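The file final.cif contains mmCIF, N, CA, C and O atoms:
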```cif
data_protein
loop_
_atom_site.label_atom_id
_atom_site.label_comp_id
_atom_site.auth_asym_id
_atom_site.auth_seq_id
_atom_site.Cartn_x
_atom_site.Cartn_y
_atom_site.Cartn_z
N MET W 516 14.84 61.20 13.97
CA MET W 516 15.30 59.89 13.56
C MET W 516 16.06 60.00 12.25
O MET W 516 15.73 60.80 11.38
N ALA W 517 17.05 59.21 12.11
CA ALA W 517 17.84 59.19 10.89
C ALA W 517 17.11 58.40 9.81
O ALA W 517 16.56 57.34 10.07
N SER W 518 17.12 58.94 8.61
CA SER W 518 16.47 58.23 7.51
C SER W 518 17.48 57.35 6.78
O SER W 518 17.14 56.74 5.78
N GLU W 519 18.69 57.30 7.28
CA GLU W 519 19.75 56.53 6.66
C GLU W 519 19.64 55.05 7.03
O GLU W 519 19.39 54.71 8.17
N SER W 520 19.83 54.19 6.05
CA SER W 520 19.76 52.76 6.28
C SER W 520 21.03 52.27 6.96
O SER W 520 22.10 52.86 6.82
N GLU W 521 20.92 51.19 7.69
CA GLU W 521 22.10 50.62 8.35
C GLU W 521 23.05 49.97 7.36
O GLU W 521 24.18 49.63 7.71
N TYR W 522 22.63 49.79 6.13
CA TYR W 522 23.44 49.14 5.12
C TYR W 522 24.08 50.12 4.14
O TYR W 522 24.65 49.72 3.13
N THR W 523 24.03 51.42 4.42
CA THR W 523 24.58 52.40 3.49
C THR W 523 26.10 52.35 3.42
O THR W 523 26.69 52.75 2.43
N ASN W 524 26.76 51.85 4.44
CA ASN W 524 28.22 51.81 4.47
C ASN W 524 28.80 50.64 3.70
O ASN W 524 30.02 50.55 3.54
N TYR W 525 27.97 49.74 3.22
CA TYR W 525 28.44 48.56 2.50
C TYR W 525 28.35 48.79 0.99
O TYR W 525 27.46 49.50 0.51
N SER W 526 29.25 48.16 0.26
CA SER W 526 29.19 48.24 -1.20
C SER W 526 28.09 47.31 -1.71
O SER W 526 27.58 46.46 -0.98
N SER W 527 27.77 47.46 -2.97
CA SER W 527 26.72 46.62 -3.57
C SER W 527 27.11 45.14 -3.56
O SER W 527 26.28 44.27 -3.33
N ASP W 528 28.39 44.87 -3.82
CA ASP W 528 28.85 43.48 -3.81
C ASP W 528 28.73 42.88 -2.41
O ASP W 528 28.30 41.73 -2.25
N GLU W 529 29.10 43.65 -1.39
CA GLU W 529 28.98 43.17 -0.02
C GLU W 529 27.53 42.92 0.36
O GLU W 529 27.21 41.94 1.04
N LEU W 530 26.64 43.80 -0.10
CA LEU W 530 25.22 43.62 0.20
C LEU W 530 24.67 42.37 -0.49
O LEU W 530 23.87 41.64 0.10
N ASN W 531 25.08 42.14 -1.72
CA ASN W 531 24.63 40.93 -2.41
C ASN W 531 25.14 39.68 -1.71
O ASN W 531 24.41 38.69 -1.57
N LYS W 532 26.39 39.70 -1.22
CA LYS W 532 26.93 38.57 -0.48
C LYS W 532 26.16 38.35 0.81
O LYS W 532 25.87 37.21 1.19
N LYS W 533 25.85 39.44 1.51
CA LYS W 533 25.09 39.32 2.76
C LYS W 533 23.70 38.76 2.50
O LYS W 533 23.23 37.90 3.24
N ALA W 534 23.04 39.25 1.47
CA ALA W 534 21.69 38.76 1.16
C ALA W 534 21.72 37.27 0.82
O ALA W 534 20.86 36.51 1.27
N ASN W 535 22.71 36.86 0.04
CA ASN W 535 22.82 35.43 -0.31
C ASN W 535 23.14 34.59 0.92
O ASN W 535 22.60 33.49 1.08
N ARG W 536 24.01 35.10 1.79
CA ARG W 536 24.35 34.35 3.01
C ARG W 536 23.13 34.24 3.92
O ARG W 536 22.86 33.17 4.48
N TYR W 537 22.37 35.32 4.07
CA TYR W 537 21.16 35.28 4.91
C TYR W 537 20.15 34.29 4.34
O TYR W 537 19.48 33.58 5.08
N LYS W 538 20.05 34.25 3.01
CA LYS W 538 19.11 33.31 2.39
C LYS W 538 19.54 31.87 2.65
O LYS W 538 18.72 31.01 2.97
N LYS W 539 20.86 31.59 2.56
CA LYS W 539 21.35 30.25 2.81
C LYS W 539 21.13 29.84 4.26
O LYS W 539 20.74 28.71 4.56
N VAL W 540 21.38 30.77 5.18
CA VAL W 540 21.16 30.48 6.60
C VAL W 540 19.68 30.24 6.86
O VAL W 540 19.30 29.31 7.59
N GLN W 541 18.83 31.06 6.26
CA GLN W 541 17.39 30.92 6.43
C GLN W 541 16.91 29.56 5.93
O GLN W 541 16.20 28.85 6.64
N ILE W 542 17.32 29.18 4.75
CA ILE W 542 16.91 27.89 4.20
C ILE W 542 17.48 26.74 5.01
O ILE W 542 16.80 25.75 5.28
N GLY W 543 18.74 26.88 5.43
CA GLY W 543 19.36 25.84 6.25
C GLY W 543 18.64 25.61 7.56
O GLY W 543 18.42 24.47 7.97
N MET W 544 18.26 26.70 8.22
CA MET W 544 17.53 26.57 9.48
C MET W 544 16.17 25.92 9.27
O MET W 544 15.74 25.09 10.08
N MET W 545 15.50 26.27 8.18
CA MET W 545 14.19 25.69 7.92
C MET W 545 14.29 24.20 7.58
O MET W 545 13.48 23.40 8.05
N VAL W 546 15.31 23.83 6.82
CA VAL W 546 15.50 22.42 6.49
C VAL W 546 15.84 21.62 7.74
O VAL W 546 15.30 20.52 7.94
N MET W 547 16.71 22.16 8.58
CA MET W 547 17.06 21.47 9.82
C MET W 547 15.84 21.29 10.73
O MET W 547 15.70 20.26 11.38
N ALA W 548 14.97 22.28 10.77
CA ALA W 548 13.76 22.17 11.58
C ALA W 548 12.87 21.04 11.08
O ALA W 548 12.33 20.26 11.87
N VAL W 549 12.73 20.93 9.77
CA VAL W 549 11.91 19.86 9.19
C VAL W 549 12.55 18.50 9.47
O VAL W 549 11.86 17.54 9.84
N VAL W 550 13.88 18.42 9.33
CA VAL W 550 14.58 17.16 9.58
C VAL W 550 14.42 16.74 11.04
O VAL W 550 14.10 15.59 11.35
N PHE W 551 14.66 17.68 11.97
CA PHE W 551 14.53 17.35 13.39
C PHE W 551 13.09 16.98 13.75
O PHE W 551 12.87 16.06 14.55
N ALA W 552 12.12 17.68 13.17
CA ALA W 552 10.73 17.34 13.44
C ALA W 552 10.41 15.94 12.93
O ALA W 552 9.68 15.18 13.59
N ALA W 553 10.95 15.59 11.76
CA ALA W 553 10.72 14.25 11.23
C ALA W 553 11.37 13.19 12.11
O ALA W 553 10.77 12.14 12.38
N ILE W 554 12.58 13.47 12.58
CA ILE W 554 13.26 12.51 13.46
C ILE W 554 12.48 12.32 14.74
O ILE W 554 12.27 11.18 15.19
N VAL W 555 12.03 13.40 15.35
CA VAL W 555 11.26 13.30 16.59
C VAL W 555 9.94 12.59 16.34
O VAL W 555 9.50 11.76 17.15
N GLY W 556 9.30 12.88 15.21
CA GLY W 556 8.04 12.22 14.89
C GLY W 556 8.20 10.73 14.67
O GLY W 556 7.39 9.92 15.16
N ILE W 557 9.23 10.34 13.96
CA ILE W 557 9.47 8.91 13.72
C ILE W 557 9.83 8.20 15.02
O ILE W 557 9.32 7.12 15.31
N TYR W 558 10.68 8.82 15.83
CA TYR W 558 11.06 8.23 17.11
C TYR W 558 9.83 8.08 18.01
O TYR W 558 9.66 7.05 18.69
N SER W 559 8.95 9.08 18.01
CA SER W 559 7.74 9.02 18.83
C SER W 559 6.79 7.94 18.34
O SER W 559 6.13 7.28 19.15
N ALA W 560 6.71 7.78 17.04
CA ALA W 560 5.83 6.75 16.49
C ALA W 560 6.35 5.35 16.82
O ALA W 560 5.57 4.46 17.16
N ILE W 561 7.66 5.19 16.74
CA ILE W 561 8.24 3.87 17.02
C ILE W 561 8.07 3.50 18.49
O ILE W 561 7.72 2.37 18.82
N ASN W 562 8.32 4.47 19.37
CA ASN W 562 8.26 4.21 20.81
C ASN W 562 6.90 4.55 21.43
O ASN W 562 6.76 4.48 22.65
N GLU W 563 5.94 4.92 20.61
CA GLU W 563 4.58 5.25 21.05
C GLU W 563 4.57 6.32 22.14
O GLU W 563 3.91 6.20 23.16
N LEU W 564 5.30 7.40 21.90
CA LEU W 564 5.35 8.53 22.83
C LEU W 564 4.49 9.66 22.29
O LEU W 564 4.68 10.10 21.16
N LYS W 565 3.55 10.13 23.08
CA LYS W 565 2.67 11.22 22.64
C LYS W 565 3.35 12.58 22.76
O LYS W 565 3.01 13.51 22.04
N GLU W 566 4.30 12.72 23.67
CA GLU W 566 4.94 14.01 23.88
C GLU W 566 5.82 14.42 22.69
O GLU W 566 6.05 15.60 22.46
N GLY W 567 6.31 13.46 21.97
CA GLY W 567 7.18 13.76 20.84
C GLY W 567 6.48 14.51 19.73
O GLY W 567 7.08 15.35 19.06
N TYR W 568 5.20 14.24 19.54
CA TYR W 568 4.46 14.94 18.50
C TYR W 568 4.33 16.42 18.82
O TYR W 568 4.33 17.26 17.93
N GLN W 569 4.22 16.75 20.10
CA GLN W 569 4.17 18.16 20.49
C GLN W 569 5.50 18.84 20.19
O GLN W 569 5.54 19.97 19.72
N MET W 570 6.60 18.15 20.47
CA MET W 570 7.92 18.71 20.19
C MET W 570 8.14 18.88 18.69
O MET W 570 8.76 19.86 18.26
N ALA W 571 7.64 17.97 17.90
CA ALA W 571 7.79 18.08 16.45
C ALA W 571 7.07 19.34 15.95
O ALA W 571 7.60 20.06 15.10
N GLY W 572 5.91 19.60 16.48
CA GLY W 572 5.18 20.81 16.11
C GLY W 572 5.91 22.07 16.51
O GLY W 572 5.97 23.05 15.75
N ILE W 573 6.49 22.05 17.69
CA ILE W 573 7.26 23.21 18.16
C ILE W 573 8.48 23.43 17.27
O ILE W 573 8.80 24.56 16.92
N PHE W 574 9.16 22.34 16.91
CA PHE W 574 10.30 22.46 16.00
C PHE W 574 9.87 23.09 14.68
O PHE W 574 10.56 23.97 14.15
N LEU W 575 8.74 22.67 14.15
CA LEU W 575 8.30 23.20 12.87
C LEU W 575 7.92 24.67 12.97
O LEU W 575 8.31 25.48 12.12
N VAL W 576 7.16 25.02 13.99
CA VAL W 576 6.73 26.41 14.12
C VAL W 576 7.91 27.33 14.35
O VAL W 576 8.09 28.34 13.67
N ALA W 577 8.75 26.98 15.32
CA ALA W 577 9.90 27.83 15.63
C ALA W 577 10.94 27.79 14.52
O ALA W 577 11.54 28.83 14.19
N GLY W 578 11.16 26.65 13.93
CA GLY W 578 12.18 26.51 12.91
C GLY W 578 11.83 27.14 11.59
O GLY W 578 12.70 27.38 10.76
N ILE W 579 10.56 27.39 11.36
CA ILE W 579 10.16 28.05 10.11
C ILE W 579 9.85 29.52 10.35
O ILE W 579 10.24 30.38 9.57
N ALA W 580 9.18 29.84 11.45
CA ALA W 580 8.80 31.22 11.71
C ALA W 580 10.01 32.10 12.05
O ALA W 580 10.12 33.22 11.54
N TYR W 581 10.91 31.62 12.89
CA TYR W 581 12.05 32.44 13.30
C TYR W 581 12.93 32.86 12.12
O TYR W 581 13.23 34.05 11.98
N PRO W 582 13.36 31.94 11.26
CA PRO W 582 14.18 32.38 10.13
C PRO W 582 13.45 33.33 9.19
O PRO W 582 14.04 34.26 8.65
N LEU W 583 12.16 33.09 8.99
CA LEU W 583 11.41 33.97 8.09
C LEU W 583 11.31 35.38 8.67
O LEU W 583 11.44 36.36 7.95
N LEU W 584 11.07 35.46 9.97
CA LEU W 584 10.93 36.78 10.59
C LEU W 584 12.26 37.53 10.66
O LEU W 584 12.30 38.74 10.40
N THR W 585 13.32 36.86 11.05
CA THR W 585 14.58 37.57 11.23
C THR W 585 15.33 37.78 9.92
O THR W 585 15.60 38.92 9.55
N PHE W 586 15.66 36.71 9.24
CA PHE W 586 16.48 36.84 8.04
C PHE W 586 15.69 37.39 6.86
O PHE W 586 16.25 38.03 5.98
N GLY W 587 14.39 37.14 6.84
CA GLY W 587 13.56 37.71 5.78
C GLY W 587 13.52 39.22 5.85
O GLY W 587 13.62 39.91 4.83
N ALA W 588 13.42 39.76 7.06
CA ALA W 588 13.40 41.21 7.24
C ALA W 588 14.74 41.82 6.85
O ALA W 588 14.79 42.88 6.21
N MET W 589 15.82 41.16 7.21
CA MET W 589 17.15 41.67 6.84
C MET W 589 17.34 41.67 5.34
O MET W 589 17.88 42.62 4.77
N ARG W 590 16.90 40.61 4.69
CA ARG W 590 17.03 40.53 3.23
C ARG W 590 16.19 41.60 2.55
O ARG W 590 16.61 42.18 1.54
N LYS W 591 15.01 41.89 3.10
CA LYS W 591 14.17 42.94 2.51
C LYS W 591 14.84 44.31 2.63
O LYS W 591 14.80 45.11 1.70
N LYS W 592 15.48 44.57 3.77
CA LYS W 592 16.19 45.84 3.95
C LYS W 592 17.35 45.95 2.97
O LYS W 592 17.59 47.02 2.41
N ILE W 593 18.06 44.86 2.79
CA ILE W 593 19.19 44.88 1.86
C ILE W 593 18.71 45.10 0.43
O ILE W 593 19.28 45.90 -0.32
N LYS W 594 17.64 44.43 0.04
CA LYS W 594 17.11 44.61 -1.31
C LYS W 594 16.59 46.04 -1.51
O LYS W 594 16.76 46.62 -2.58
N ALA W 595 15.98 46.61 -0.48
CA ALA W 595 15.51 48.00 -0.58
C ALA W 595 16.69 48.94 -0.74
O ALA W 595 16.62 49.90 -1.53
N GLU W 596 17.77 48.69 -0.01
CA GLU W 596 18.98 49.52 -0.15
C GLU W 596 19.57 49.40 -1.54
O GLU W 596 19.97 50.40 -2.15
N LEU W 597 19.61 48.20 -2.09
CA LEU W 597 20.14 48.01 -3.44
C LEU W 597 19.25 48.69 -4.47
O LEU W 597 19.76 49.29 -5.43
N GLU W 598 17.94 48.65 -4.29
CA GLU W 598 17.02 49.33 -5.21
C GLU W 598 17.18 50.84 -5.13
O GLU W 598 17.10 51.54 -6.15
N ASN W 599 17.39 51.36 -3.91
CA ASN W 599 17.60 52.80 -3.75
C ASN W 599 18.87 53.24 -4.46
O ASN W 599 18.93 54.35 -5.00
N ARG W 600 19.88 52.41 -4.46
CA ARG W 600 21.14 52.76 -5.13
C ARG W 600 21.00 52.72 -6.64
O ARG W 600 21.68 53.46 -7.35
N GLN W 601 20.12 51.89 -7.15
CA GLN W 601 19.93 51.82 -8.60
C GLN W 601 19.14 53.00 -9.12
O GLN W 601 19.30 53.40 -10.27
N ASN W 602 18.29 53.57 -8.29
CA ASN W 602 17.45 54.70 -8.73
C ASN W 602 18.18 56.00 -8.70
O ASN W 602 19.10 56.38 -8.28
#
```

Same coordinates, now as structure tokens:
Amino acid sequence: MASESEYTNYSSDELNKKANRYKKVQIGMMVMAVVFAAIVGIYSAINELKEGYQMAGIFLVAGIAYPLLTFGAMRKKIKAELENRQN
């Protein structure tokens, strides 16, 4: 197996831009999940629908867990690559 990181071909500036972009996407997805869950919850409360509360929970779980798992791991790899370059 290669011990080389997938981010070795990028400059430090490019890596910082990627990390910032991933963070913005991650936060954006989490905010949208909360907004959609709130909309579904309010709509369900107004129309007395029990199924909407289940969808709100799914939006929250998927909308928070997915960005943390995917973009969080990418950001950690980028930060590790930047730290390796500083040492």

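Comparing W:Ile561, W:Val576, W:Gln601, W:Lys533 by their smallest distance to Met589 (chain W), the closest is W:Lys533 (using all atoms listed in the file).
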
Result set of the PyMOL selection byres (((chain W and resi 568 and name CA) around 12) and name CA) on the coordinates above, as number ranges by chain: W: 551-567, 569-575

Counting only C-alpha atoms, the residue of W:Tyr522, W:Tyr581, W:Val550, W:Lys538 that sits nearest Ala595 (chain W): W:Tyr522

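Picture a line from CA of Gly587 (chain W) to CA of Tyr537 (chain W); it runs 8.0 Å.
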
Near-Thr523 (chain W) list (10 Å; only C-alpha atoms; drop same-chain fewer than 3 positions) as a VMD selection string: chain W and resid 519 to 520 526 to 527 530 593 596 to 597 600

Take the selection from the previous step and output its residues with N, CA, C and O atoms, as a CSV table (one decimal), keeping the file's coordinate frame.
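So the final result, stored in out27.csv, reads:
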```csv
chain,number,residue,atom,x,y,z
W,519,GLU,N,18.7,57.3,7.3
W,519,GLU,CA,19.8,56.5,6.7
W,519,GLU,C,19.6,55.0,7.0
W,519,GLU,O,19.4,54.7,8.2
W,520,SER,N,19.8,54.2,6.0
W,520,SER,CA,19.8,52.8,6.3
W,520,SER,C,21.0,52.3,7.0
W,520,SER,O,22.1,52.9,6.8
W,526,SER,N,29.2,48.2,0.3
W,526,SER,CA,29.2,48.2,-1.2
W,526,SER,C,28.1,47.3,-1.7
W,526,SER,O,27.6,46.5,-1.0
W,527,SER,N,27.8,47.5,-3.0
W,527,SER,CA,26.7,46.6,-3.6
W,527,SER,C,27.1,45.1,-3.6
W,527,SER,O,26.3,44.3,-3.3
W,530,LEU,N,26.6,43.8,-0.1
W,530,LEU,CA,25.2,43.6,0.2
W,530,LEU,C,24.7,42.4,-0.5
W,530,LEU,O,23.9,41.6,0.1
W,593,ILE,N,18.1,44.9,2.8
W,593,ILE,CA,19.2,44.9,1.9
W,593,ILE,C,18.7,45.1,0.4
W,593,ILE,O,19.3,45.9,-0.3
W,596,GLU,N,17.8,48.7,0.0
W,596,GLU,CA,19.0,49.5,-0.2
W,596,GLU,C,19.6,49.4,-1.5
W,596,GLU,O,20.0,50.4,-2.2
W,597,LEU,N,19.6,48.2,-2.1
W,597,LEU,CA,20.1,48.0,-3.4
W,597,LEU,C,19.2,48.7,-4.5
W,597,LEU,O,19.8,49.3,-5.4
W,600,ARG,N,19.9,52.4,-4.5
W,600,ARG,CA,21.1,52.8,-5.1
W,600,ARG,C,21.0,52.7,-6.6
W,600,ARG,O,21.7,53.5,-7.4
```

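Taking atom O of Lys592 (chain W) as the reference point, atom O of Met547 (chain W) is found at 28.3 Å.
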
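Note that atom O of Asn602 (chain W) and atom O of Ala534 (chain W) are 22.1 Å apart.
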
Distance criterion (only N, CA, C and O atoms): nearest to Pro582 (chain W) out of W:Asn524, W:Gln541, W:Val546, W:Glu598: W:Gln541

Taking all listed atoms of region 544-553 of chain W, build the axis-aligned box, pad each of the six sides by 4 Å, then write its centre and edge lengths in Å to one decimal as AutoDock Vina command-line options.
```
--center_x 14.0 --center_y 19.4 --center_z 10.5 --size_x 16.6 --size_y 22.6 --size_z 16.1
```

Backbone DSSP call of helix (DSSP H, G or I) for chain W, listed as number ranges by chain: W: 527-562, 566-601
